[in-house]
Amino acid sequence: MKKIFLSLVVYFISLNSLYALIEVDITRGNLDPLPIAVSPLHVDIKSAEYEGIKVKELGNNISTIIEKNFKNTGLFNPLKKEAFVQKPDIAHLKPRFEDWRLIKAQALVTGKLLVKDGKLKVEFRLWDLTAAKEMTALAFTTTPSNWRRVAHIISDKIYERLTGEEGYFDTRIIYVSEKGPKSERVKKLAIMDQDGANTKYLTLGNELVLTPRFNPTNQMITYLSYFRNMPRVYLLDIETGKQEVVGNFPGMTFAPRFSPDGKKIIMSFAEDGNSDIYTMDLETRVVERITNHSSIDTSPSFSPDGKYIAFNSDRSGLQQLYVMRSDGSNVKRITFEKGIYGTPVWSPRGDLIAFTKMRKGRFYIGVMRTDGSGERLLTENYYQEAPSWSPNGRVLVFYRETKAGSKGEGFSATLWSIDITGYNERRLTTKTDASDPSWSSLLSK
């Protein structure tokens with residue numbers, strides 16, 4: 001993976017953190033968010049401004065992004081800065097724990113910012129206020145233009161230390177940007193940071209684009225595009241802008257997606273009213289047929305170990321979910337409830353499958369165990385589909401269409417996210433209507 005260079009130095013990890021009393025219960029959604037104080041980053045007066053860079057403003061922006069990241073999880077409650085009684089520079093050296101406990105804070109983030117010789121150095125510390133102990137201390141060195149990524153990486157480190165799970169803030173989401181009336185939609189590929197910043201358009205909108213999906217191992221995407229009204233599967237390197245056609249296939253092609261190692265693409269081809277699942281080796285371009293059935297098999301998704309494939313099929317009469325081995329053997333139906341199921345996506349942790357369900361004219365986003373048991377419907381709406389997992393398997397992003405206008409004559413498409421507990425449903429900000437989201441892996445890995 002091509003990465004933006006970040007120098008990371010771990011300068012101190014307190015052994016006393018083994019006895020820290022803070023505990024964030026990540027199984028309960030946002031029922032009891034942890035009160036956390038994020039102190040503004042202290043800026044040395046000697047570097048208040050560097051070559052036009054307002055360093056103090058940069059420090060405030062970094063702490064604000066960290067706050068927003070925590071707030072958006074539903075697991076944390078960032079406290080208002082107006083209540084802070086200790087200055088950032090003193091708090092960073094050693095907090096007066098009793099002062100912070102007075103405002104009900106249980107965790108404290110402090111930091112220091114310095115710009116020197118064209119480099120941005122950011123230090124931060126995480127304090128357990130209940131146990132009066134330092135939990136983590138890290139330092140990052142990078143170019144000043146990467147300050148936003150530094151904020152996300154710090155958020156990831158704190159999230160991991162407090163929850164025991166990997167974070168998901170230093171990531172991007174690719175989606176289909178939509179404009180215009182429904183009968184004449186202009187659709188472009190767009191990409192943004194997970195918090196909605198840094199939106200970029202990757203295609204011009206001359207051709208219809210659908211179902212962009214990230215490679216789990218790098219910043220490559222695959223997507224479907226219509227060239228002269230014929231569907232083609234493309235590969236696009238986001239960092240270089242290089243694009244290539246994977247191949248021209250007979251009939252219709254649907255829902256391309258990468259294998260966990262990024263070396264294959266799995267998709268479905270439809271011809272003569274029938275659809276089966278195929279894989280293509282991206283190095284040799286060898287195509288292998290995985291299913292051979294008279295029904296419609298589509299929307300395949302690999303398990304994270306690459307040993308199994310989830311897909312939907314109407315071979316039982318109605319569209320249901322199935323799991324099979326990666327060679328197409330041992331096909332098992334896993335859904336038997338009322339309704340129509342589609343778009344199964346395996347969790348990065350391997351424990352759950354997300355899906356779309358339609359019943360009685362309503363659409364649901366849900367999760368179930370990989371054998372179909374434990375089905376939980378997380379959210380319901382007029383129309384919604386295409387769930388995609390955060391890299392830690394904690395959150396789902398999906399898109400929703402809603403009626404618009406006083407008489408419901410129009411519609412809008414928007415991105416939403418929800419925790420797998422079913423809590424913390426929220427809309428993601430995009431510059432245009434948006435659909436078909438896909439979440440990247442961590443950029444800093």
# chains A, B, ... in the order shown; residues from 1 in each chain; ligands from 1
>>> residues_around(residues="Ser417 (chain A)", least_positions_apart="3", cutoff="7 Å", atoms="only C-alpha atoms", output="list in words")
Val395, Leu396, Val397, Phe398, Glu425, Arg426 and Arg427 of chain A
>>> residues_around(residues="Leu236 (chain A)", least_positions_apart="4", cutoff="10 Å", atoms="only C-alpha atoms", output="ChimeraX atom specification")
/A:202,212,214,219-223,240-245
>>> write_last_selection(atoms="N, CA and C atoms", output="PDB file, in the first residue's frame")
ATOM      1  N   LEU A 202     -13.327  11.045  -8.614  1.00  0.00           N
ATOM      2  CA  LEU A 202     -12.388  10.187  -9.332  1.00  0.00           C
ATOM      3  C   LEU A 202     -12.792   9.923 -10.778  1.00  0.00           C
ATOM      4  N   PRO A 212     -18.589   0.683  -6.231  1.00  0.00           N
ATOM      5  CA  PRO A 212     -17.141   0.729  -5.968  1.00  0.00           C
ATOM      6  C   PRO A 212     -16.809  -0.049  -4.699  1.00  0.00           C
ATOM      7  N   PHE A 214     -13.357  -1.286  -2.127  1.00  0.00           N
ATOM      8  CA  PHE A 214     -11.939  -1.182  -1.813  1.00  0.00           C
ATOM      9  C   PHE A 214     -11.258  -2.545  -1.810  1.00  0.00           C
ATOM     10  N   GLN A 219      -4.807   0.780  -1.652  1.00  0.00           N
ATOM     11  CA  GLN A 219      -5.752   1.821  -2.052  1.00  0.00           C
ATOM     12  C   GLN A 219      -6.184   1.660  -3.515  1.00  0.00           C
ATOM     13  N   MET A 220      -6.490   0.441  -3.865  1.00  0.00           N
ATOM     14  CA  MET A 220      -7.040   0.113  -5.181  1.00  0.00           C
ATOM     15  C   MET A 220      -8.531  -0.137  -5.022  1.00  0.00           C
ATOM     16  N   ILE A 221      -9.315   0.241  -6.012  1.00  0.00           N
ATOM     17  CA  ILE A 221     -10.744  -0.056  -5.988  1.00  0.00           C
ATOM     18  C   ILE A 221     -11.141  -0.774  -7.262  1.00  0.00           C
ATOM     19  N   THR A 222     -12.206  -1.517  -7.188  1.00  0.00           N
ATOM     20  CA  THR A 222     -12.855  -2.072  -8.367  1.00  0.00           C
ATOM     21  C   THR A 222     -14.268  -1.529  -8.414  1.00  0.00           C
ATOM     22  N   TYR A 223     -14.772  -1.325  -9.613  1.00  0.00           N
ATOM     23  CA  TYR A 223     -16.128  -0.808  -9.749  1.00  0.00           C
ATOM     24  C   TYR A 223     -16.690  -1.191 -11.106  1.00  0.00           C
ATOM     25  N   THR A 240      -2.374   6.809  -7.802  1.00  0.00           N
ATOM     26  CA  THR A 240      -1.756   7.187  -9.084  1.00  0.00           C
ATOM     27  C   THR A 240      -2.768   7.641 -10.121  1.00  0.00           C
ATOM     28  N   GLY A 241      -4.048   7.286  -9.929  1.00  0.00           N
ATOM     29  CA  GLY A 241      -5.067   7.600 -10.918  1.00  0.00           C
ATOM     30  C   GLY A 241      -5.093   6.647 -12.094  1.00  0.00           C
ATOM     31  N   LYS A 242      -4.238   5.634 -12.085  1.00  0.00           N
ATOM     32  CA  LYS A 242      -4.190   4.677 -13.191  1.00  0.00           C
ATOM     33  C   LYS A 242      -5.440   3.800 -13.181  1.00  0.00           C
ATOM     34  N   GLN A 243      -6.060   3.665 -14.332  1.00  0.00           N
ATOM     35  CA  GLN A 243      -7.291   2.885 -14.456  1.00  0.00           C
ATOM     36  C   GLN A 243      -7.134   1.851 -15.557  1.00  0.00           C
ATOM     37  N   GLU A 244      -7.701   0.685 -15.367  1.00  0.00           N
ATOM     38  CA  GLU A 244      -7.658  -0.347 -16.397  1.00  0.00           C
ATOM     39  C   GLU A 244      -8.929  -1.179 -16.358  1.00  0.00           C
ATOM     40  N   VAL A 245      -9.277  -1.719 -17.513  1.00  0.00           N
ATOM     41  CA  VAL A 245     -10.429  -2.613 -17.619  1.00  0.00           C
ATOM     42  C   VAL A 245      -9.981  -4.012 -17.219  1.00  0.00           C
TER      43      VAL A 245
END
>>> residues_around(residues="Val286 (chain A)", least_positions_apart="4", cutoff="12 Å", atoms="only C-alpha atoms", output="compact mmCIF listing (two decimals) with N, CA and C atoms, in the first residue's frame")
# COMPACT_ATOMS: atom_id res chain seq x y z
N VAL A 246 -10.70 -4.62 -16.30
CA VAL A 246 -10.37 -5.98 -15.88
C VAL A 246 -10.61 -6.96 -17.01
N GLY A 247 -11.70 -6.76 -17.75
CA GLY A 247 -12.00 -7.63 -18.88
C GLY A 247 -13.38 -7.35 -19.41
N LYS A 263 -5.91 -10.38 -4.41
CA LYS A 263 -5.36 -10.94 -5.64
C LYS A 263 -6.41 -11.39 -6.64
N LYS A 264 -7.65 -11.46 -6.20
CA LYS A 264 -8.73 -11.88 -7.08
C LYS A 264 -9.91 -10.92 -6.98
N ILE A 265 -10.74 -10.95 -7.99
CA ILE A 265 -12.03 -10.28 -7.94
C ILE A 265 -13.10 -11.35 -8.07
N ILE A 266 -14.14 -11.23 -7.24
CA ILE A 266 -15.28 -12.12 -7.34
C ILE A 266 -16.49 -11.31 -7.78
N TYR A 278 -18.35 -15.93 -10.46
CA TYR A 278 -17.04 -16.21 -11.05
C TYR A 278 -15.96 -15.46 -10.26
N THR A 279 -14.74 -15.95 -10.35
CA THR A 279 -13.59 -15.20 -9.85
C THR A 279 -12.61 -14.98 -11.00
N MET A 280 -11.82 -13.93 -10.87
CA MET A 280 -10.74 -13.68 -11.82
C MET A 280 -9.46 -13.41 -11.06
N ASP A 281 -8.39 -14.13 -11.41
CA ASP A 281 -7.07 -13.86 -10.87
C ASP A 281 -6.53 -12.60 -11.54
N LEU A 282 -6.20 -11.57 -10.76
CA LEU A 282 -5.81 -10.29 -11.34
C LEU A 282 -4.43 -10.32 -11.98
>>> select_by_dssp(residues="region 149-251 of chain A", states="helix (DSSP H, G or I)", output="VMD selection string")
chain A and resid 149 to 163 182 to 184
>>> write_last_selection(atoms="N, CA and C atoms", output="short mmCIF file (atom, residue, chain, number, x, y, z; two decimals), in the first residue's frame")
data_model
loop_
_atom_site.label_atom_id
_atom_site.label_comp_id
_atom_site.auth_asym_id
_atom_site.auth_seq_id
_atom_site.Cartn_x
_atom_site.Cartn_y
_atom_site.Cartn_z
N ARG A 149 -4.69 13.91 9.32
CA ARG A 149 -4.44 12.47 9.51
C ARG A 149 -3.87 12.19 10.90
N VAL A 150 -3.02 13.09 11.38
CA VAL A 150 -2.48 12.92 12.73
C VAL A 150 -3.61 12.88 13.75
N ALA A 151 -4.60 13.76 13.59
CA ALA A 151 -5.74 13.77 14.51
C ALA A 151 -6.47 12.44 14.48
N HIS A 152 -6.65 11.87 13.28
CA HIS A 152 -7.35 10.59 13.18
C HIS A 152 -6.53 9.45 13.77
N ILE A 153 -5.22 9.47 13.56
CA ILE A 153 -4.37 8.40 14.10
C ILE A 153 -4.33 8.46 15.62
N ILE A 154 -4.24 9.67 16.18
CA ILE A 154 -4.31 9.80 17.64
C ILE A 154 -5.64 9.25 18.15
N SER A 155 -6.72 9.58 17.46
CA SER A 155 -8.04 9.06 17.85
C SER A 155 -8.05 7.54 17.84
N ASP A 156 -7.43 6.94 16.82
CA ASP A 156 -7.37 5.48 16.73
C ASP A 156 -6.61 4.88 17.91
N LYS A 157 -5.48 5.50 18.26
CA LYS A 157 -4.66 4.97 19.36
C LYS A 157 -5.41 5.05 20.70
N ILE A 158 -6.10 6.16 20.92
CA ILE A 158 -6.86 6.31 22.17
C ILE A 158 -8.03 5.34 22.20
N TYR A 159 -8.74 5.24 21.08
CA TYR A 159 -9.88 4.31 20.99
C TYR A 159 -9.43 2.89 21.31
N GLU A 160 -8.31 2.49 20.72
CA GLU A 160 -7.82 1.13 20.94
C GLU A 160 -7.43 0.92 22.40
N ARG A 161 -6.80 1.94 23.00
CA ARG A 161 -6.37 1.79 24.39
C ARG A 161 -7.55 1.70 25.35
N LEU A 162 -8.64 2.41 25.04
CA LEU A 162 -9.78 2.44 25.95
C LEU A 162 -10.79 1.32 25.71
N THR A 163 -10.87 0.81 24.49
CA THR A 163 -11.87 -0.21 24.19
C THR A 163 -11.30 -1.60 23.98
N LYS A 182 -34.06 11.75 -11.00
CA LYS A 182 -33.84 10.31 -10.94
C LYS A 182 -33.74 9.69 -12.34
N SER A 183 -34.44 10.25 -13.30
CA SER A 183 -34.41 9.70 -14.66
C SER A 183 -33.15 10.09 -15.43
N GLU A 184 -32.41 11.09 -14.91
CA GLU A 184 -31.21 11.56 -15.60
C GLU A 184 -30.08 11.79 -14.60
#
>>> select_by_dssp(residues="region 169-377 of chain A", states="strand (DSSP E)", output="PyMOL selection string")
chain A and resi 172-179+186-193+200-201+209-214+220-227+230-237+243-247+252-258+264-271+274-281+287-289+297-302+308-313+320-325+332-333+340-346+352-359+362-369+376-377
>>> closest_atom_pairs(of="region 261-298 of chain A", to="region 337-351 of chain A", cutoff="12 Å", atoms="only C-alpha atoms", output="Markdown table")
| residue | atom | partner | partner_atom | distance |
| --- | --- | --- | --- | --- |
| A:Ile296 | CA | A:Gly342 | CA | 11.9 |
| A:Asp297 | CA | A:Gly342 | CA | 10.6 |
| A:Thr298 | CA | A:Thr343 | CA | 8.5 |
>>> residues_around(residues="Asp436 (chain A)", least_positions_apart="5", cutoff="7 Å", atoms="only C-alpha atoms", output="list in words")
Tyr175, Val176, Thr211, Pro212, Ala386 and Tyr399 of chain A
>>> write_last_selection(atoms="C-alpha atoms", output="mmCIF file, in the first residue's frame")
data_model
loop_
_atom_site.group_PDB
_atom_site.id
_atom_site.type_symbol
_atom_site.label_atom_id
_atom_site.label_comp_id
_atom_site.auth_asym_id
_atom_site.auth_seq_id
_atom_site.Cartn_x
_atom_site.Cartn_y
_atom_site.Cartn_z
ATOM 1 C CA TYR A 175 -19.108 6.122 -2.836
ATOM 2 C CA VAL A 176 -21.164 7.073 -5.873
ATOM 3 C CA THR A 211 -20.675 -0.557 -6.722
ATOM 4 C CA PRO A 212 -17.141 0.729 -5.968
ATOM 5 C CA ALA A 386 -25.431 -1.827 0.433
ATOM 6 C CA TYR A 399 -27.105 4.298 1.850
#
>>> closest_residue(among="A:Pro391, A:Pro216, A:Gly361, A:Pro304", to="Asp170 (chain A)", atoms="only C-alpha atoms")
A:Pro391
>>> atom_distance(atom1="CA of Phe124 (chain A)", atom2="CA of Phe140 (chain A)")
8.8 Å
>>> closest_atom_pairs(of="region 192-302 of chain A", to="region 310-327 of chain A", cutoff="12 Å", atoms="only C-alpha atoms", output="CSV")
residue,atom,partner,partner_atom,distance
A:Ala255,CA,A:Phe311,CA,10.9
A:Arg257,CA,A:Phe311,CA,11.8
A:Ser259,CA,A:Ser326,CA,10.2
A:Pro260,CA,A:Ser326,CA,11.8
A:Lys264,CA,A:Ser326,CA,11.8
A:Ile266,CA,A:Ser326,CA,10.3
A:Met267,CA,A:Phe311,CA,10.1
A:Ser268,CA,A:Phe311,CA,9.9
A:Asn274,CA,A:Asp314,CA,10.8
A:Ser275,CA,A:Ser313,CA,9.2
A:Asp276,CA,A:Ser313,CA,9.4
A:Ile277,CA,A:Phe311,CA,8.8
A:Tyr278,CA,A:Asp327,CA,10.1
A:Thr279,CA,A:Ser326,CA,9.8
A:Glu288,CA,A:Asp327,CA,9.2
A:Arg289,CA,A:Asp327,CA,8.8
A:Ile290,CA,A:Asp327,CA,6.0
A:Thr291,CA,A:Asp327,CA,8.6
A:Asn292,CA,A:Arg315,CA,11.4
A:His293,CA,A:Arg315,CA,8.1
A:Ser294,CA,A:Arg315,CA,7.7
A:Ser295,CA,A:Arg315,CA,5.0
A:Ile296,CA,A:Ser313,CA,5.4
A:Asp297,CA,A:Ser313,CA,4.5
A:Thr298,CA,A:Asn312,CA,5.6
A:Ser299,CA,A:Phe311,CA,5.3
A:Pro300,CA,A:Phe311,CA,4.3
A:Ser301,CA,A:Ala310,CA,5.2
A:Phe302,CA,A:Ala310,CA,6.4
